[in-house]
Amino acid sequence: MLIISAEEFSLWKEKQILKGGDHQSLNLLIDLLGGLSKNEFNLLKIKSEKKLKLKINLDILESFWNKHLETCIPIQYLSGSSYWRDLKLEVSNKVLIPRTETELVIEIISERFKNKEEKITFVDLGTGSGAIGIALALAYPNWNGLATDIDKNAVEIASRNFTKNSNQSNLEFYDGNWWNALENFKGEIDLAIANPPYIPQCTYEELPLEVKNFEPKCALFGGEDGLDHIKEIIQNAPSYLKEKGLLLVENHFDQGERVKQLFLKNRFTEVNVLKDFAGIGRFTIGRYK
Ligand code: GLN
């Protein structure tokens with residue numbers, strides 16, 4: 001634990017940002033590793049006492065910042081944690097850092113399921129850190145959730161994240177590729193959600209180093225046109241969904257129309273491409289028959 005003045009800390013921050021990087025990453029580092037959020041810091045600056053507490057000393061914090069600048073390693077992997085909606089999730093390089101645009105999935109689902117008393121079974125396919133599954137299980141205590149991932153490490157991380165963020169027991173974790181772990185739930189799923197890897201080959205090669213060198217390729221790369229996994233998920237969905245069950249898939253910025261056609265080809269109805277905060281057709285949703 002370190003106690004220093006807000007002035008001294010401001011000077012330290014200025015020195016760090018002169019070396020490179022951006023304010024958002026530095027603030028995230030101070031928050032996730034130093035235990036001081038940007039809001040807390042701003043509040044302290046206007047208080048008379050102007051002393052602040054950090055979980056680690058400035059030399060150590062600086063060495064993490066240097067490592068980020070030298071290698072481009074994401075702050076979330078350096079600290080082993082990430083914010084997503086109101087959750088703080090453990091992450092490692094075995095799971096994708098949950099993205100802001102994906103947060104909207106929870107709003108889309110909340111719009112469609114206003115009655116919280118209803119009991120349904122949902123699945124989060126390729127759960128990674130567990131973000132989507134955990135947020136839904138928390139928002140709908142009556143729902144029975146299943147979360148799958150091909151990577152055992154991810155399943156362990158997601159499961160720990162659920163335990164840390166909840167005292168509920170309405171989310172179970174399974175190790176397997178997409179639907180494969182769910183043989184026992186065939187025809188029983190009311191709602192399935194997936195944020196699968198969908199980055200096409202040419203885009204993958206051009207990804208920022210921060211993403212390409214550190215985040216798991218298996219969570220990002222979707223084959224030549226990016227649609228390999230989305231196709232597999234949609235094609236197998238009819239065996240697992242209930243009649244009238246919903247499937248929601250996140251896709252790349254330009255895949256909406258193609259994903260919609262895949263839904264229609266597999267006998268989905270009421271298929272819609274929904275926009276994210278940036279106005280991009282980011283989510284495709286459809287009802288099975
Ligand atoms: N939205 C992520 C990105 O652009 C990709 C996530 C994914 O492939 N599902 O980095």
# chains A, B, ... in the order shown; residues from 1 in each chain; ligands from 1
call {"tool": "select_by_dssp", "arguments": {"residues": "segment 157-275 of chain A", "states": "strand (DSSP E)", "output": "list in words"}}
result
Leu171, Glu172, Phe173, Tyr174, Asp175, Ile189, Asp190, Leu191, Ala192, Ile193, Ala194, Leu241, Lys242, Glu243, Lys244, Gly245, Leu246, Leu247, Leu248, Val249, Glu250, Phe268, Thr269, Glu270, Val271, Asn272, Val273, Leu274 and Lys275 of chain A
call {"tool": "write_last_selection", "arguments": {"atoms": "N, CA and C atoms", "output": "PDB file, in the first residue's frame"}}
result
ATOM      1  N   LEU A 171     -25.874 -21.234 -13.510  1.00  0.00           N
ATOM      2  CA  LEU A 171     -25.054 -21.278 -14.721  1.00  0.00           C
ATOM      3  C   LEU A 171     -24.058 -22.431 -14.591  1.00  0.00           C
ATOM      4  N   GLU A 172     -24.111 -23.322 -15.603  1.00  0.00           N
ATOM      5  CA  GLU A 172     -23.204 -24.469 -15.594  1.00  0.00           C
ATOM      6  C   GLU A 172     -22.239 -24.366 -16.761  1.00  0.00           C
ATOM      7  N   PHE A 173     -21.050 -24.885 -16.568  1.00  0.00           N
ATOM      8  CA  PHE A 173     -20.005 -24.732 -17.580  1.00  0.00           C
ATOM      9  C   PHE A 173     -19.618 -26.083 -18.176  1.00  0.00           C
ATOM     10  N   TYR A 174     -19.444 -26.091 -19.503  1.00  0.00           N
ATOM     11  CA  TYR A 174     -19.106 -27.335 -20.203  1.00  0.00           C
ATOM     12  C   TYR A 174     -17.962 -27.090 -21.171  1.00  0.00           C
ATOM     13  N   ASP A 175     -17.081 -28.062 -21.233  1.00  0.00           N
ATOM     14  CA  ASP A 175     -15.956 -27.978 -22.154  1.00  0.00           C
ATOM     15  C   ASP A 175     -16.326 -28.681 -23.460  1.00  0.00           C
ATOM     16  N   ILE A 189     -33.246 -25.954 -25.719  1.00  0.00           N
ATOM     17  CA  ILE A 189     -32.700 -24.598 -25.518  1.00  0.00           C
ATOM     18  C   ILE A 189     -33.689 -23.536 -26.032  1.00  0.00           C
ATOM     19  N   ASP A 190     -34.010 -22.591 -25.183  1.00  0.00           N
ATOM     20  CA  ASP A 190     -34.918 -21.497 -25.577  1.00  0.00           C
ATOM     21  C   ASP A 190     -34.171 -20.344 -26.233  1.00  0.00           C
ATOM     22  N   LEU A 191     -32.922 -20.160 -25.807  1.00  0.00           N
ATOM     23  CA  LEU A 191     -32.158 -19.003 -26.271  1.00  0.00           C
ATOM     24  C   LEU A 191     -30.680 -19.375 -26.329  1.00  0.00           C
ATOM     25  N   ALA A 192     -30.073 -19.126 -27.490  1.00  0.00           N
ATOM     26  CA  ALA A 192     -28.625 -19.379 -27.608  1.00  0.00           C
ATOM     27  C   ALA A 192     -27.953 -18.109 -28.100  1.00  0.00           C
ATOM     28  N   ILE A 193     -26.799 -17.831 -27.512  1.00  0.00           N
ATOM     29  CA  ILE A 193     -26.048 -16.626 -27.866  1.00  0.00           C
ATOM     30  C   ILE A 193     -24.610 -17.033 -28.131  1.00  0.00           C
ATOM     31  N   ALA A 194     -24.031 -16.427 -29.159  1.00  0.00           N
ATOM     32  CA  ALA A 194     -22.611 -16.701 -29.413  1.00  0.00           C
ATOM     33  C   ALA A 194     -21.907 -15.456 -29.922  1.00  0.00           C
ATOM     34  N   LEU A 241     -32.123 -26.152 -30.395  1.00  0.00           N
ATOM     35  CA  LEU A 241     -33.137 -25.163 -30.001  1.00  0.00           C
ATOM     36  C   LEU A 241     -34.517 -25.799 -29.934  1.00  0.00           C
ATOM     37  N   LYS A 242     -35.322 -25.259 -29.045  1.00  0.00           N
ATOM     38  CA  LYS A 242     -36.739 -25.610 -29.030  1.00  0.00           C
ATOM     39  C   LYS A 242     -37.391 -24.981 -30.253  1.00  0.00           C
ATOM     40  N   GLU A 243     -38.533 -25.479 -30.631  1.00  0.00           N
ATOM     41  CA  GLU A 243     -39.320 -24.797 -31.659  1.00  0.00           C
ATOM     42  C   GLU A 243     -39.575 -23.368 -31.166  1.00  0.00           C
ATOM     43  N   LYS A 244     -39.333 -22.393 -31.988  1.00  0.00           N
ATOM     44  CA  LYS A 244     -39.462 -20.956 -31.668  1.00  0.00           C
ATOM     45  C   LYS A 244     -38.331 -20.417 -30.782  1.00  0.00           C
ATOM     46  N   GLY A 245     -37.315 -21.241 -30.579  1.00  0.00           N
ATOM     47  CA  GLY A 245     -36.154 -20.781 -29.803  1.00  0.00           C
ATOM     48  C   GLY A 245     -35.383 -19.707 -30.561  1.00  0.00           C
ATOM     49  N   LEU A 246     -34.679 -18.874 -29.813  1.00  0.00           N
ATOM     50  CA  LEU A 246     -33.954 -17.751 -30.433  1.00  0.00           C
ATOM     51  C   LEU A 246     -32.455 -18.030 -30.508  1.00  0.00           C
ATOM     52  N   LEU A 247     -31.853 -17.566 -31.591  1.00  0.00           N
ATOM     53  CA  LEU A 247     -30.395 -17.613 -31.704  1.00  0.00           C
ATOM     54  C   LEU A 247     -29.890 -16.208 -32.007  1.00  0.00           C
ATOM     55  N   LEU A 248     -28.910 -15.746 -31.235  1.00  0.00           N
ATOM     56  CA  LEU A 248     -28.291 -14.437 -31.484  1.00  0.00           C
ATOM     57  C   LEU A 248     -26.794 -14.644 -31.679  1.00  0.00           C
ATOM     58  N   VAL A 249     -26.279 -14.113 -32.783  1.00  0.00           N
ATOM     59  CA  VAL A 249     -24.858 -14.267 -33.094  1.00  0.00           C
ATOM     60  C   VAL A 249     -24.241 -12.891 -33.319  1.00  0.00           C
ATOM     61  N   GLU A 250     -23.087 -12.654 -32.713  1.00  0.00           N
ATOM     62  CA  GLU A 250     -22.354 -11.425 -33.027  1.00  0.00           C
ATOM     63  C   GLU A 250     -21.539 -11.672 -34.289  1.00  0.00           C
ATOM     64  N   PHE A 268     -34.704 -20.483 -40.163  1.00  0.00           N
ATOM     65  CA  PHE A 268     -35.019 -19.504 -39.114  1.00  0.00           C
ATOM     66  C   PHE A 268     -35.997 -18.485 -39.695  1.00  0.00           C
ATOM     67  N   THR A 269     -36.814 -17.907 -38.830  1.00  0.00           N
ATOM     68  CA  THR A 269     -37.742 -16.853 -39.260  1.00  0.00           C
ATOM     69  C   THR A 269     -37.463 -15.603 -38.421  1.00  0.00           C
ATOM     70  N   GLU A 270     -38.171 -14.534 -38.710  1.00  0.00           N
ATOM     71  CA  GLU A 270     -38.035 -13.262 -37.966  1.00  0.00           C
ATOM     72  C   GLU A 270     -36.555 -12.889 -37.805  1.00  0.00           C
ATOM     73  N   VAL A 271     -35.804 -13.007 -38.878  1.00  0.00           N
ATOM     74  CA  VAL A 271     -34.355 -12.761 -38.793  1.00  0.00           C
ATOM     75  C   VAL A 271     -34.069 -11.264 -38.957  1.00  0.00           C
ATOM     76  N   ASN A 272     -33.325 -10.727 -38.030  1.00  0.00           N
ATOM     77  CA  ASN A 272     -32.992  -9.300 -38.069  1.00  0.00           C
ATOM     78  C   ASN A 272     -31.522  -9.066 -37.772  1.00  0.00           C
ATOM     79  N   VAL A 273     -30.953  -8.064 -38.452  1.00  0.00           N
ATOM     80  CA  VAL A 273     -29.587  -7.647 -38.146  1.00  0.00           C
ATOM     81  C   VAL A 273     -29.702  -6.383 -37.284  1.00  0.00           C
ATOM     82  N   LEU A 274     -29.115  -6.416 -36.099  1.00  0.00           N
ATOM     83  CA  LEU A 274     -29.246  -5.291 -35.167  1.00  0.00           C
ATOM     84  C   LEU A 274     -27.930  -4.524 -35.066  1.00  0.00           C
ATOM     85  N   LYS A 275     -28.077  -3.217 -34.886  1.00  0.00           N
ATOM     86  CA  LYS A 275     -26.875  -2.359 -34.889  1.00  0.00           C
ATOM     87  C   LYS A 275     -26.239  -2.241 -33.507  1.00  0.00           C
TER      88      LYS A 275
END
call {"tool": "residues_near_ligand", "arguments": {"ligand": "ligand 1", "cutoff": "9 Å", "atoms": "only C-alpha atoms and all ligand atoms", "output": "NGL selection string"}}
result
:A and (96-102 or 194-200 or 207 or 211-212 or 215 or 217-222 or 226 or 250-253)
call {"tool": "select_by_dssp", "arguments": {"residues": "segment 41-240 of chain A", "states": "helix (DSSP H, G or I)", "output": "PyMOL selection string"}}
result
chain A and resi 41-46+58-71+75-79+101-112+131-139+152-165+180-185+201-205+209-212+217-219+228-240
call {"tool": "closest_residue", "arguments": {"among": "A:Gly80, A:Leu43, A:Leu264, A:Glu8", "to": "Leu29 of chain A", "atoms": "only C-alpha atoms"}}
result
A:Gly80
call {"tool": "residues_around", "arguments": {"residues": "Glu232 of chain A", "least_positions_apart": "3", "cutoff": "12 Å", "atoms": "only C-alpha atoms", "output": "PyMOL selection string"}}
result
chain A and resi 125+177-180+194+196-198+222-223+226-229+235-238+249+259+262-263+266
call {"tool": "closest_residue", "arguments": {"among": "A:Lys19, A:Val91, A:Tyr204, A:Asp276", "to": "Lys67 of chain A", "atoms": "only C-alpha atoms"}}
result
A:Lys19
call {"tool": "closest_residue", "arguments": {"among": "A:Leu61, A:Thr71, A:Ser5, A:Leu18", "to": "Leu209 of chain A", "atoms": "only C-alpha atoms"}}
result
A:Thr71
call {"tool": "residues_around", "arguments": {"residues": "Gly35 of chain A", "least_positions_apart": "6", "cutoff": "10 Å", "atoms": "only C-alpha atoms", "output": "VMD selection string"}}
result
chain A and resid 1 28 to 29 53 to 56
call {"tool": "write_last_selection", "arguments": {"atoms": "C-alpha atoms", "output": "short mmCIF file (atom, residue, chain, number, x, y, z; two decimals), in the first residue's frame"}}
result
data_model
loop_
_atom_site.label_atom_id
_atom_site.label_comp_id
_atom_site.auth_asym_id
_atom_site.auth_seq_id
_atom_site.Cartn_x
_atom_site.Cartn_y
_atom_site.Cartn_z
CA MET A 1 0.00 0.00 0.00
CA LEU A 28 -6.94 1.41 -16.85
CA LEU A 29 -3.53 0.30 -15.57
CA LYS A 53 -3.85 5.29 -1.77
CA LEU A 54 -2.39 2.88 -4.27
CA LYS A 55 -2.20 -0.88 -3.92
CA ILE A 56 1.33 -1.04 -5.33
#
call {"tool": "atom_distance", "arguments": {"atom1": "atom CA of Leu52 of chain A", "atom2": "atom CA of Ile4 of chain A"}}
result
5.5 Å
call {"tool": "residues_around", "arguments": {"residues": "Glu156 of chain A", "least_positions_apart": "5", "cutoff": "12 Å", "atoms": "only C-alpha atoms", "output": "ChimeraX atom specification"}}
result
/A:90-92,94-95,127-130,147-151,161-163,172-175
call {"tool": "closest_residue", "arguments": {"among": "A:Gly279, A:Gly21, A:Gly176, A:Gly34", "to": "Ile73 of chain A", "atoms": "only C-alpha atoms"}}
result
A:Gly21
call {"tool": "closest_residue", "arguments": {"among": "A:Phe64, A:Phe283, A:Phe185, A:Tyr77", "to": "Asn213 of chain A", "atoms": "only C-alpha atoms"}}
result
A:Tyr77
call {"tool": "atom_distance", "arguments": {"atom1": "atom CA of Ser79 of chain A", "atom2": "atom CA of Ile106 of chain A"}}
result
25.5 Å
call {"tool": "closest_residue", "arguments": {"among": "A:Glu7, A:Glu103, A:Glu117, A:Asp22", "to": "Lys51 of chain A", "atoms": "only C-alpha atoms"}}
result
A:Glu7
call {"tool": "atom_distance", "arguments": {"atom1": "atom CA of Asn39 of chain A", "atom2": "atom CA of Leu138 of chain A"}}
result
25.6 Å
call {"tool": "residues_around", "arguments": {"residues": "Glu118 of chain A", "least_positions_apart": "3", "cutoff": "8 Å", "atoms": "only C-alpha atoms", "output": "VMD selection string"}}
result
chain A and resid 115 142 to 143
